[in-house]
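Chemist: See input_24.pdb below, with PDB, C-alpha atoms.
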```pdb
ATOM      1  CA  MET N  41     112.391 101.230  96.484
ATOM      2  CA  ASN N  42     110.637 101.997  99.749
ATOM      3  CA  ALA N  43     111.634 105.064 101.709
ATOM      4  CA  LEU N  44     111.306 105.560 105.436
ATOM      5  CA  GLY N  45     110.145 109.141 105.047
ATOM      6  CA  ILE N  46     109.269 112.001 102.718
ATOM      7  CA  HIS N  47     110.971 115.347 103.221
ATOM      8  CA  LEU N  48     109.617 118.510 101.607
ATOM      9  CA  LEU N  49     111.988 121.487 101.386
ATOM     10  CA  ILE N  50     109.770 124.514 100.843
ATOM     11  CA  GLU N  51     111.315 127.755  99.602
ATOM     12  CA  MET N  52     108.753 130.505 100.070
ATOM     13  CA  GLN N  53     109.383 133.746  98.213
ATOM     14  CA  ASP N  54     107.096 136.765  98.062
ATOM     15  CA  CYS N  55     105.456 136.126 101.421
ATOM     16  CA  SER N  56     103.774 138.768 103.570
ATOM     17  CA  PRO N  57     106.579 140.399 105.610
ATOM     18  CA  ILE N  58     104.085 141.321 108.333
ATOM     19  CA  LEU N  59     102.910 137.721 108.716
ATOM     20  CA  LEU N  60     106.508 136.401 108.655
ATOM     21  CA  ASP N  61     107.413 138.637 111.599
ATOM     22  CA  ASN N  62     104.406 137.653 113.756
ATOM     23  CA  ILE N  63     105.500 134.755 115.967
ATOM     24  CA  ASP N  64     101.940 133.926 117.058
ATOM     25  CA  HIS N  65     100.751 133.760 113.471
ATOM     26  CA  VAL N  66     103.738 131.700 112.306
ATOM     27  CA  ARG N  67     103.388 129.275 115.233
ATOM     28  CA  ASN N  68      99.636 128.876 114.706
ATOM     29  CA  ALA N  69     100.167 128.289 110.981
ATOM     30  CA  MET N  70     102.783 125.625 111.687
ATOM     31  CA  LEU N  71     100.717 123.852 114.363
ATOM     32  CA  THR N  72      97.650 123.924 112.090
ATOM     33  CA  ALA N  73      99.723 122.549 109.210
ATOM     34  CA  ALA N  74     100.983 119.726 111.419
ATOM     35  CA  ARG N  75      97.528 118.806 112.730
ATOM     36  CA  GLU N  76      95.761 119.027 109.343
ATOM     37  CA  SER N  77      98.425 116.835 107.737
ATOM     38  CA  GLY N  78      97.488 114.115 110.205
ATOM     39  CA  ALA N  79     100.560 114.433 112.420
ATOM     40  CA  THR N  80     100.729 113.893 116.170
ATOM     41  CA  ILE N  81     102.474 116.869 117.803
ATOM     42  CA  LEU N  82     105.038 116.022 120.496
ATOM     43  CA  GLY N  83     106.324 119.517 121.265
ATOM     44  CA  ASP N  84     107.487 122.798 119.744
ATOM     45  CA  LYS N  85     109.865 125.717 120.202
ATOM     46  CA  PHE N  86     109.425 129.105 118.529
ATOM     47  CA  HIS N  87     111.584 132.214 118.857
ATOM     48  CA  LYS N  88     111.210 135.833 117.706
ATOM     49  CA  PHE N  89     114.417 137.565 116.644
ATOM     50  CA  SER N  90     115.230 141.238 117.084
ATOM     51  CA  PRO N  91     114.880 143.242 114.939
ATOM     52  CA  GLN N  92     112.986 140.712 112.816
ATOM     53  CA  GLY N  93     112.422 137.067 111.939
ATOM     54  CA  VAL N  94     110.951 133.963 113.495
ATOM     55  CA  THR N  95     112.372 130.462 113.909
ATOM     56  CA  GLY N  96     110.266 127.476 114.845
ATOM     57  CA  VAL N  97     110.613 123.712 115.186
ATOM     58  CA  ILE N  98     107.889 121.146 115.853
ATOM     59  CA  ALA N  99     108.626 117.548 116.802
ATOM     60  CA  ILE N 100     105.905 115.188 115.566
ATOM     61  CA  ALA N 101     105.560 111.443 116.031
ATOM     62  CA  GLU N 102     106.067 111.198 112.255
ATOM     63  CA  SER N 103     109.313 113.339 112.251
ATOM     64  CA  HIS N 104     109.294 117.179 112.134
ATOM     65  CA  LEU N 105     108.271 120.548 110.764
ATOM     66  CA  THR N 106     110.550 123.609 110.831
ATOM     67  CA  VAL N 107     110.357 127.207 109.623
ATOM     68  CA  HIS N 108     112.736 130.160 109.470
ATOM     69  CA  THR N 109     111.540 133.545 108.260
ATOM     70  CA  TRP N 110     113.308 136.592 106.828
ATOM     71  CA  PRO N 111     110.635 139.328 106.734
ATOM     72  CA  GLU N 112     113.219 141.725 105.277
ATOM     73  CA  TYR N 113     113.281 139.568 102.120
ATOM     74  CA  GLY N 114     109.674 138.370 102.244
ATOM     75  CA  PHE N 115     111.222 134.895 102.438
ATOM     76  CA  ALA N 116     110.724 131.788 104.551
ATOM     77  CA  ALA N 117     112.375 128.361 104.442
ATOM     78  CA  ALA N 118     110.156 125.570 105.736
ATOM     79  CA  ASP N 119     110.652 121.811 106.029
ATOM     80  CA  VAL N 120     108.064 119.080 106.456
ATOM     81  CA  PHE N 121     109.477 115.598 107.080
ATOM     82  CA  THR N 122     106.983 112.794 107.673
ATOM     83  CA  CYS N 123     107.045 109.027 107.783
ATOM     84  CA  GLY N 124     104.192 106.565 107.640
ATOM     85  CA  SER N 125     101.002 106.609 105.608
ATOM     86  CA  ASN N 126      98.762 108.467 108.048
ATOM     87  CA  CYS N 127     100.360 111.821 107.430
ATOM     88  CA  ASP N 128     100.414 113.865 104.199
ATOM     89  CA  PRO N 129     103.286 116.405 104.119
ATOM     90  CA  HIS N 130     101.799 118.119 101.045
ATOM     91  CA  VAL N 131      98.744 119.116 103.063
ATOM     92  CA  ALA N 132     101.041 120.815 105.584
ATOM     93  CA  ALA N 133     102.970 122.567 102.789
ATOM     94  CA  SER N 134      99.772 123.910 101.215
ATOM     95  CA  ILE N 135      98.596 125.326 104.537
ATOM     96  CA  LEU N 136     101.946 127.024 105.212
ATOM     97  CA  ILE N 137     102.024 128.560 101.734
ATOM     98  CA  ARG N 138      98.514 129.925 102.215
ATOM     99  CA  GLU N 139      98.939 131.106 105.812
ATOM    100  CA  LEU N 140     102.229 132.933 105.171
ATOM    101  CA  GLY N 141     100.775 134.704 102.136
ATOM    102  CA  CYS N 142     103.350 133.111  99.824
ATOM    103  CA  ARG N 143     102.949 133.957  96.124
ATOM    104  CA  LYS N 144     106.049 132.156  94.853
ATOM    105  CA  PRO N 145     106.558 128.776  96.521
ATOM    106  CA  GLN N 146     109.006 126.108  95.387
ATOM    107  CA  ILE N 147     108.800 122.593  96.821
ATOM    108  CA  THR N 148     111.535 119.980  96.529
ATOM    109  CA  GLU N 149     110.579 116.446  97.583
ATOM    110  CA  ILE N 150     113.318 114.178  98.870
ATOM    111  CA  LYS N 151     112.924 110.574  99.963
ATOM    112  CA  ARG N 152     114.773 109.804 103.199
ATOM    113  CA  GLY N 153     116.030 106.391 104.206
ATOM    114  CA  ILE N 154     115.897 104.911 100.717
ATOM    115  CA  SER N 155     119.304 103.312 101.055
ATOM    116  CA  VAL N 156     118.527 101.397 104.219
ATOM    117  CA  SER N 157     120.292  98.041 104.020
ATOM    118  CA  PRO N 158     118.014  95.339 102.516
ATOM    119  CA  ARG N 159     119.537  92.931 105.013
ATOM    120  CA  LEU N 160     118.065  94.956 107.870
ATOM    121  CA  HIS N 161     115.082  96.312 105.969
ATOM    122  CA  LYS N 162     112.496  93.636 106.710
ATOM    123  CA  PRO N 163     108.887  94.382 105.658
ATOM    124  CA  ALA N 164     107.510  93.113 108.957
ATOM    125  CA  MET N 165     109.764  95.499 110.850
ATOM    126  CA  PHE N 166     108.980  98.333 108.456
ATOM    127  CA  ALA N 167     105.311  98.059 109.404
ATOM    128  CA  ALA N 168     106.261  98.485 113.033
ATOM    129  CA  ALA N 169     108.301 101.632 112.367
ATOM    130  CA  LYS N 170     107.044 104.801 113.968
ATOM    131  CA  GLY N 171     104.649 106.970 112.056
TER     132      GLY N 171
ATOM    133  CA  MET Y 270     124.814 133.613  94.156
ATOM    134  CA  ASN Y 271     124.573 134.119  97.887
ATOM    135  CA  ALA Y 272     122.390 131.800  99.944
ATOM    136  CA  LEU Y 273     120.714 132.603 103.224
ATOM    137  CA  GLY Y 274     121.569 129.215 104.677
ATOM    138  CA  ILE Y 275     123.248 125.842 104.217
ATOM    139  CA  HIS Y 276     121.222 122.695 104.828
ATOM    140  CA  LEU Y 277     122.911 119.324 105.282
ATOM    141  CA  LEU Y 278     120.729 116.230 104.866
ATOM    142  CA  ILE Y 279     122.599 113.408 106.568
ATOM    143  CA  GLU Y 280     121.622 109.819 105.837
ATOM    144  CA  MET Y 281     123.301 107.621 108.432
ATOM    145  CA  GLN Y 282     123.423 103.902 107.675
ATOM    146  CA  ASP Y 283     125.156 101.237 109.732
ATOM    147  CA  CYS Y 284     124.880 103.075 113.026
ATOM    148  CA  SER Y 285     124.966 101.454 116.449
ATOM    149  CA  PRO Y 286     121.367 100.312 117.160
ATOM    150  CA  ILE Y 287     122.000 100.575 120.901
ATOM    151  CA  LEU Y 288     123.129 104.196 120.644
ATOM    152  CA  LEU Y 289     120.232 105.075 118.309
ATOM    153  CA  ASP Y 290     117.730 103.852 120.906
ATOM    154  CA  ASN Y 291     119.273 105.750 123.838
ATOM    155  CA  ILE Y 292     117.469 109.099 124.084
ATOM    156  CA  ASP Y 293     120.015 110.576 126.514
ATOM    157  CA  HIS Y 294     122.897 109.668 124.223
ATOM    158  CA  VAL Y 295     121.152 110.954 121.097
ATOM    159  CA  ARG Y 296     120.159 114.217 122.813
ATOM    160  CA  ASN Y 297     123.670 114.771 124.194
ATOM    161  CA  ALA Y 298     125.194 114.053 120.771
ATOM    162  CA  MET Y 299     122.851 116.558 119.130
ATOM    163  CA  LEU Y 300     123.406 119.282 121.723
ATOM    164  CA  THR Y 301     127.177 118.766 121.533
ATOM    165  CA  ALA Y 302     127.022 118.921 117.733
ATOM    166  CA  ALA Y 303     125.076 122.186 117.912
ATOM    167  CA  ARG Y 304     127.440 123.793 120.435
ATOM    168  CA  GLU Y 305     130.655 122.655 118.732
ATOM    169  CA  SER Y 306     129.434 123.941 115.369
ATOM    170  CA  GLY Y 307     129.208 127.389 116.920
ATOM    171  CA  ALA Y 308     125.421 127.522 117.184
ATOM    172  CA  THR Y 309     123.392 129.240 119.899
ATOM    173  CA  ILE Y 310     120.785 126.820 121.258
ATOM    174  CA  LEU Y 311     117.291 128.252 121.791
ATOM    175  CA  GLY Y 312     115.466 125.094 122.880
ATOM    176  CA  ASP Y 313     114.964 121.406 122.145
ATOM    177  CA  LYS Y 314     112.426 118.595 122.235
ATOM    178  CA  PHE Y 315     113.345 114.887 122.239
ATOM    179  CA  HIS Y 316     111.042 111.865 122.402
ATOM    180  CA  LYS Y 317     111.609 108.118 122.864
ATOM    181  CA  PHE Y 318     109.269 105.856 120.932
ATOM    182  CA  SER Y 319     108.002 102.464 122.045
ATOM    183  CA  PRO Y 320     109.216  99.900 121.179
ATOM    184  CA  GLN Y 321     112.161 101.786 119.666
ATOM    185  CA  GLY Y 322     113.445 104.961 118.066
ATOM    186  CA  VAL Y 323     114.186 108.535 119.048
ATOM    187  CA  THR Y 324     113.098 111.832 117.501
ATOM    188  CA  GLY Y 325     114.679 115.143 118.362
ATOM    189  CA  VAL Y 326     114.575 118.763 117.230
ATOM    190  CA  ILE Y 327     116.778 121.650 118.324
ATOM    191  CA  ALA Y 328     116.009 125.277 117.518
ATOM    192  CA  ILE Y 329     119.177 127.342 117.173
ATOM    193  CA  ALA Y 330     119.588 131.057 116.502
ATOM    194  CA  GLU Y 331     121.129 130.013 113.168
ATOM    195  CA  SER Y 332     118.147 127.714 112.182
ATOM    196  CA  HIS Y 333     117.883 124.040 113.354
ATOM    197  CA  LEU Y 334     119.150 120.514 113.908
ATOM    198  CA  THR Y 335     116.874 117.449 113.784
ATOM    199  CA  VAL Y 336     117.323 113.700 114.096
ATOM    200  CA  HIS Y 337     115.090 110.640 113.704
ATOM    201  CA  THR Y 338     116.425 107.178 114.467
ATOM    202  CA  TRP Y 339     115.386 103.674 113.417
ATOM    203  CA  PRO Y 340     117.433 101.316 115.609
ATOM    204  CA  GLU Y 341     115.768  98.345 113.891
ATOM    205  CA  TYR Y 342     117.541  99.337 110.670
ATOM    206  CA  GLY Y 343     120.663 100.842 112.238
ATOM    207  CA  PHE Y 344     119.578 104.031 110.458
ATOM    208  CA  ALA Y 345     119.199 107.681 111.375
ATOM    209  CA  ALA Y 346     118.179 110.722 109.323
ATOM    210  CA  ALA Y 347     119.644 113.988 110.575
ATOM    211  CA  ASP Y 348     119.448 117.568 109.326
ATOM    212  CA  VAL Y 349     121.674 120.512 110.121
ATOM    213  CA  PHE Y 350     120.479 123.854 108.741
ATOM    214  CA  THR Y 351     122.568 126.930 109.579
ATOM    215  CA  CYS Y 352     122.818 130.514 108.411
ATOM    216  CA  GLY Y 353     125.535 133.039 108.976
ATOM    217  CA  SER Y 354     129.292 132.626 109.019
ATOM    218  CA  ASN Y 355     129.781 131.900 112.718
ATOM    219  CA  CYS Y 356     128.405 128.386 112.507
ATOM    220  CA  ASP Y 357     129.836 125.400 110.563
ATOM    221  CA  PRO Y 358     127.210 122.705 109.858
ATOM    222  CA  HIS Y 359     129.905 120.229 108.734
ATOM    223  CA  VAL Y 360     131.356 120.238 112.250
ATOM    224  CA  ALA Y 361     127.950 119.245 113.609
ATOM    225  CA  ALA Y 362     127.580 116.519 110.973
ATOM    226  CA  SER Y 363     130.986 115.031 111.822
ATOM    227  CA  ILE Y 364     130.133 114.895 115.522
ATOM    228  CA  LEU Y 365     126.789 113.210 114.875
ATOM    229  CA  ILE Y 366     128.360 110.617 112.582
ATOM    230  CA  ARG Y 367     130.985 109.815 115.217
ATOM    231  CA  GLU Y 368     128.635 109.843 118.224
ATOM    232  CA  LEU Y 369     126.009 107.604 116.618
ATOM    233  CA  GLY Y 370     128.642 105.089 115.546
ATOM    234  CA  CYS Y 371     127.794 105.589 111.859
ATOM    235  CA  ARG Y 372     129.964 103.633 109.414
ATOM    236  CA  LYS Y 373     128.153 104.629 106.225
ATOM    237  CA  PRO Y 374     127.173 108.305 106.183
ATOM    238  CA  GLN Y 375     125.928 110.214 103.161
ATOM    239  CA  ILE Y 376     125.694 114.001 103.247
ATOM    240  CA  THR Y 377     123.761 116.116 100.750
ATOM    241  CA  GLU Y 378     124.364 119.858 100.925
ATOM    242  CA  ILE Y 379     121.578 122.161  99.794
ATOM    243  CA  LYS Y 380     121.677 125.945  99.688
ATOM    244  CA  ARG Y 381     118.527 127.548 101.046
ATOM    245  CA  GLY Y 382     117.246 130.976 100.089
ATOM    246  CA  ILE Y 383     119.298 131.252  96.882
ATOM    247  CA  SER Y 384     116.371 132.561  94.881
ATOM    248  CA  VAL Y 385     115.581 135.464  97.171
ATOM    249  CA  SER Y 386     114.524 138.408  95.051
ATOM    250  CA  PRO Y 387     117.515 140.645  94.172
ATOM    251  CA  ARG Y 388     115.166 143.595  94.577
ATOM    252  CA  LEU Y 389     114.769 142.775  98.253
ATOM    253  CA  HIS Y 390     118.146 141.152  98.731
ATOM    254  CA  LYS Y 391     120.212 144.146  99.830
ATOM    255  CA  PRO Y 392     123.730 143.429 101.116
ATOM    256  CA  ALA Y 393     123.300 145.844 104.023
ATOM    257  CA  MET Y 394     120.163 144.015 105.143
ATOM    258  CA  PHE Y 395     121.779 140.622 104.589
ATOM    259  CA  ALA Y 396     124.470 141.512 107.125
ATOM    260  CA  ALA Y 397     121.734 142.229 109.669
ATOM    261  CA  ALA Y 398     120.013 138.889 109.124
ATOM    262  CA  LYS Y 399     119.963 136.475 112.018
ATOM    263  CA  GLY Y 400     122.817 134.052 112.369
TER     264      GLY Y 400
END
```
Once more with this new file: its structure as structure tokens, please.

Modeler:
Amino acid sequence: MNALGIHLLIEMQDCSPILLDNIDHVRNAMLTAARESGATILGDKFHKFSPQGVTGVIAIAESHLTVHTWPEYGFAAADVFTCGSNCDPHVAASILIRELGCRKPQITEIKRGISVSPRLHKPAMFAAAKG
Amino acid sequence: MNALGIHLLIEMQDCSPILLDNIDHVRNAMLTAARESGATILGDKFHKFSPQGVTGVIAIAESHLTVHTWPEYGFAAADVFTCGSNCDPHVAASILIRELGCRKPQITEIKRGISVSPRLHKPAMFAAAKG
């Protein structure tokens, strides 16, 4: 059954705490991951917490990327949600895992929009969907 | 086992196509959902697609909210990811379901950060985590 999108939930243990607490590094890693996956970036918002941690969201034409870091645990939770065939979320996940120095990643892949009503789910319209 | 965050994946079928294509309405619904859940909003980015559809991301101090709409299918995929005890993601989900006129919602709850290393996962540090 066709899905409208693929959503990767990426649990990243054993990351570099120093990298996880560097907002510029985290933002650059996320933007690079988005671009290299084939996504079109619409906008982003990143924030550095005190005393530690970074949160970031990126809106892409194909859906989104998000990341939240806990340097105190060496942990980050990232999401890559893409639709369409021009964008590969696994490329983005690989880049994030590498750039955040993650030695113990766990990726869960979830199909989104698989239960869309067949009555409304016309192939011709599917081709015109964003992404 | 404690989790760092709760992530709701909300599949919204049978929504109002008119509401799903109205960027102001979708953005207001999302911001209201974030506020009413108890979240602190850090920033947002919303985009209207041509010919149809809206994408939006909101960074909150407690993690994020996102939404992607397909008016042509009456479908929207939303995510509410929160950490900490001051924020209730189910409140946000209920508001989104109501505000987008969704008659067939499906919510999947996923715990994030449950595998964080016990060695690093100190209760005293957990209390100081964001959110």

Chemist: Output the residue selection produced by the PyMOL selection byres ((chain Y) within 8 of (chain N)) on the file above, formatted as a count of residues only.

Modeler: 37

Chemist: Can you list, as a ChimeraX atom specification, the residues that the PyMOL selection byres ((chain Y and resi 370) around 9) selects here?

Modeler: /Y:283-286,288-289,365-369,371-372

Chemist: Given the file shown, determine the residues that the PyMOL selection byres ((chain N and resi 126) around 12) selects; report them as a PDB file with C-alpha atoms, in the coordinates of the input.

Modeler:
```pdb
ATOM      1  CA  GLY N  45     110.145 109.141 105.047  1.00  0.00           C
ATOM      2  CA  ALA N  74     100.983 119.726 111.419  1.00  0.00           C
ATOM      3  CA  ARG N  75      97.528 118.806 112.730  1.00  0.00           C
ATOM      4  CA  GLU N  76      95.761 119.027 109.343  1.00  0.00           C
ATOM      5  CA  SER N  77      98.425 116.835 107.737  1.00  0.00           C
ATOM      6  CA  GLY N  78      97.488 114.115 110.205  1.00  0.00           C
ATOM      7  CA  ALA N  79     100.560 114.433 112.420  1.00  0.00           C
ATOM      8  CA  THR N  80     100.729 113.893 116.170  1.00  0.00           C
ATOM      9  CA  ALA N 101     105.560 111.443 116.031  1.00  0.00           C
ATOM     10  CA  GLU N 102     106.067 111.198 112.255  1.00  0.00           C
ATOM     11  CA  THR N 122     106.983 112.794 107.673  1.00  0.00           C
ATOM     12  CA  CYS N 123     107.045 109.027 107.783  1.00  0.00           C
ATOM     13  CA  GLY N 124     104.192 106.565 107.640  1.00  0.00           C
ATOM     14  CA  SER N 125     101.002 106.609 105.608  1.00  0.00           C
ATOM     15  CA  CYS N 127     100.360 111.821 107.430  1.00  0.00           C
ATOM     16  CA  ASP N 128     100.414 113.865 104.199  1.00  0.00           C
ATOM     17  CA  PRO N 129     103.286 116.405 104.119  1.00  0.00           C
ATOM     18  CA  VAL N 131      98.744 119.116 103.063  1.00  0.00           C
ATOM     19  CA  LYS N 170     107.044 104.801 113.968  1.00  0.00           C
ATOM     20  CA  GLY N 171     104.649 106.970 112.056  1.00  0.00           C
TER      21      GLY N 171
END
```

Chemist: So how far away is atom CA of Y:Ala362 from atom CA of N:His130, in Å?

Modeler: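 Separating atom CA of N:His130 from atom CA of Y:Ala362 is a distance of 27.7 Å.
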
Chemist: Calculate how many Å separate atom CA of Y:Ala361 from atom CA of Y:Val349, rounding to one decimal.

Modeler: 7.3 Å

Chemist: Reconstruct N, CA and C atoms of stretch 135-151 of chain N; output as a PDB file, keeping the file's coordinate frame.

Modeler:
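Writing done, so here's rebuild-v4.pdb:
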```pdb
ATOM      1  N   ILE N 135      99.091 124.442 103.476  1.00  0.00           N
ATOM      2  CA  ILE N 135      98.596 125.326 104.537  1.00  0.00           C
ATOM      3  C   ILE N 135      99.628 126.413 104.860  1.00  0.00           C
ATOM      4  N   LEU N 136     100.900 126.032 104.926  1.00  0.00           N
ATOM      5  CA  LEU N 136     101.946 127.024 105.212  1.00  0.00           C
ATOM      6  C   LEU N 136     102.018 128.079 104.114  1.00  0.00           C
ATOM      7  N   ILE N 137     101.955 127.637 102.873  1.00  0.00           N
ATOM      8  CA  ILE N 137     102.024 128.560 101.734  1.00  0.00           C
ATOM      9  C   ILE N 137     100.868 129.560 101.794  1.00  0.00           C
ATOM     10  N   ARG N 138      99.694 129.049 102.118  1.00  0.00           N
ATOM     11  CA  ARG N 138      98.514 129.925 102.215  1.00  0.00           C
ATOM     12  C   ARG N 138      98.624 130.868 103.416  1.00  0.00           C
ATOM     13  N   GLU N 139      98.964 130.318 104.568  1.00  0.00           N
ATOM     14  CA  GLU N 139      98.939 131.106 105.812  1.00  0.00           C
ATOM     15  C   GLU N 139     100.046 132.150 105.895  1.00  0.00           C
ATOM     16  N   LEU N 140     101.152 131.936 105.156  1.00  0.00           N
ATOM     17  CA  LEU N 140     102.229 132.933 105.171  1.00  0.00           C
ATOM     18  C   LEU N 140     102.127 133.888 103.977  1.00  0.00           C
ATOM     19  N   GLY N 141     101.020 133.780 103.250  1.00  0.00           N
ATOM     20  CA  GLY N 141     100.775 134.704 102.136  1.00  0.00           C
ATOM     21  C   GLY N 141     101.811 134.575 101.040  1.00  0.00           C
ATOM     22  N   CYS N 142     102.267 133.336 100.793  1.00  0.00           N
ATOM     23  CA  CYS N 142     103.350 133.111  99.824  1.00  0.00           C
ATOM     24  C   CYS N 142     102.814 133.050  98.394  1.00  0.00           C
ATOM     25  N   ARG N 143     103.390 133.912  97.515  1.00  0.00           N
ATOM     26  CA  ARG N 143     102.949 133.957  96.124  1.00  0.00           C
ATOM     27  C   ARG N 143     103.911 133.263  95.178  1.00  0.00           C
ATOM     28  N   LYS N 144     105.058 132.818  95.719  1.00  0.00           N
ATOM     29  CA  LYS N 144     106.049 132.156  94.853  1.00  0.00           C
ATOM     30  C   LYS N 144     106.718 131.003  95.621  1.00  0.00           C
ATOM     31  N   PRO N 145     105.984 129.918  95.795  1.00  0.00           N
ATOM     32  CA  PRO N 145     106.558 128.776  96.521  1.00  0.00           C
ATOM     33  C   PRO N 145     107.311 127.831  95.583  1.00  0.00           C
ATOM     34  N   GLN N 146     108.291 127.149  96.144  1.00  0.00           N
ATOM     35  CA  GLN N 146     109.006 126.108  95.387  1.00  0.00           C
ATOM     36  C   GLN N 146     109.227 124.934  96.333  1.00  0.00           C
ATOM     37  N   ILE N 147     108.714 123.772  95.949  1.00  0.00           N
ATOM     38  CA  ILE N 147     108.800 122.593  96.821  1.00  0.00           C
ATOM     39  C   ILE N 147     109.712 121.547  96.185  1.00  0.00           C
ATOM     40  N   THR N 148     110.674 121.086  96.957  1.00  0.00           N
ATOM     41  CA  THR N 148     111.535 119.980  96.529  1.00  0.00           C
ATOM     42  C   THR N 148     111.232 118.783  97.430  1.00  0.00           C
ATOM     43  N   GLU N 149     110.910 117.653  96.806  1.00  0.00           N
ATOM     44  CA  GLU N 149     110.579 116.446  97.583  1.00  0.00           C
ATOM     45  C   GLU N 149     111.762 115.489  97.569  1.00  0.00           C
ATOM     46  N   ILE N 150     112.176 115.085  98.744  1.00  0.00           N
ATOM     47  CA  ILE N 150     113.318 114.178  98.870  1.00  0.00           C
ATOM     48  C   ILE N 150     112.902 112.965  99.699  1.00  0.00           C
ATOM     49  N   LYS N 151     113.206 111.788  99.208  1.00  0.00           N
ATOM     50  CA  LYS N 151     112.924 110.574  99.963  1.00  0.00           C
ATOM     51  C   LYS N 151     114.070 110.332 100.938  1.00  0.00           C
TER      52      LYS N 151
END
```
